[in-house]
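Peer 1: Here it is: the structure, laid out below.
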Amino acid sequence: MARWFGSANPVLREKTFAGQLATGETMTVQGTVNKTGILLLCVVVTAVFKKEWSGLTAPIYALLEGLVLGGLSAIFEKSYPGIAVQSVALTFGVLFVLLLAYKTGLIRATRGFTLGIVCATGAIALVYTANMLIQVFGGSGMSFLYASTPLGIGISVVVVIIAALNLILDFDLIERGAAIGAPKYMEWYGAFALMVTLIWLYLEILRLLGKARRR
């Protein structure tokens, strides 16, 4: 009986690899990891605003995302010097620890685990969307989401944990895509999907550290 699997990542779903059977070279987990590294490099290069290098870097998504992250990081960095470097270091640290935990079998994307993370991620998305709509229609929004109070910091800690655990779901789907013999180009798609989660994780860590610095 085929095992059910899924992800809360909007660009990495159970059906992502459906029908993606290669006739030549196939996708591998290592290839996806390598391409994720390339995309991360593009993000970092663009985030430091080295425009003269942009012509040498390829994936448009990573470059544009780097510009956005660079701008947001600069805003936080102006108020809290060193916070961007700390956030990057923590993001890579979480990625390494969870990848190790996944590869050693310490954490597995079981049905219950997956359902829990997908539901929690959906709840976070609903709260963020509701807050945005309240602000669009002239309200003050849910101030506790941004407050540096114990509640505000606690919420950020929970969101960071949920964002981090989404990486396990991504690892699982990428590994399964490789196992079914997906085409080589799907390594780039898997790397892109992994970047979506990593960028969310980085932003949430940045927000958490900002709250902690304001106390």
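Here's how to read the names in the structure tokens: chain A, B, ... by the order shown, residue numbers from 1 in each chain, ligand numbers from 1 in the order shown.
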For Phe144 (chain A), work out the shell of residues within 12 Å, counting only C-alpha atoms and skipping chain neighbours fewer than 2 positions away, then give it as a ChimeraX atom specification.

Peer 2: /A:127-128,131,140-142,146-156,211

Peer 1: Would you kindly return, as a list in words, each protein, DNA or RNA residue with an atom no farther than 10 Å from any atom of region 99-104 of chain A, considering only C-alpha atoms and excluding same-chain residues fewer than 2 positions away?

Peer 2: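 Neighbouring residues, sequence-local ones excluded: Gly93, Val94, Leu95, Phe96, Val97, Leu106, Ile107, Arg108, Ala109, Leu167, Ile168, Leu169, Phe171 and Asp172 of chain A.
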
Peer 1: Let's see if you can do this: from backbone DSSP, list all helix (DSSP H, G or I) residues in region 40-212 of chain A, as an NGL selection string.

Peer 2: :A and (40-47 or 51-56 or 60-79 or 83-103 or 111-136 or 143-145 or 150-179 or 186-212)

Peer 1: Expressed in Å to a single decimal, how great is the separation between CA of Phe76 (chain A) and CA of Leu206 (chain A)?

Peer 2: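 Between CA of Phe76 (chain A) and CA of Leu206 (chain A) the gap works out to 7.9 Å.
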
Peer 1: With only C-alpha atoms as the basis for distance, which of A:Phe113, A:Ala130, A:Gly177, A:Leu208 is at the shortest distance from Val160 (chain A)?

Peer 2: A:Leu208
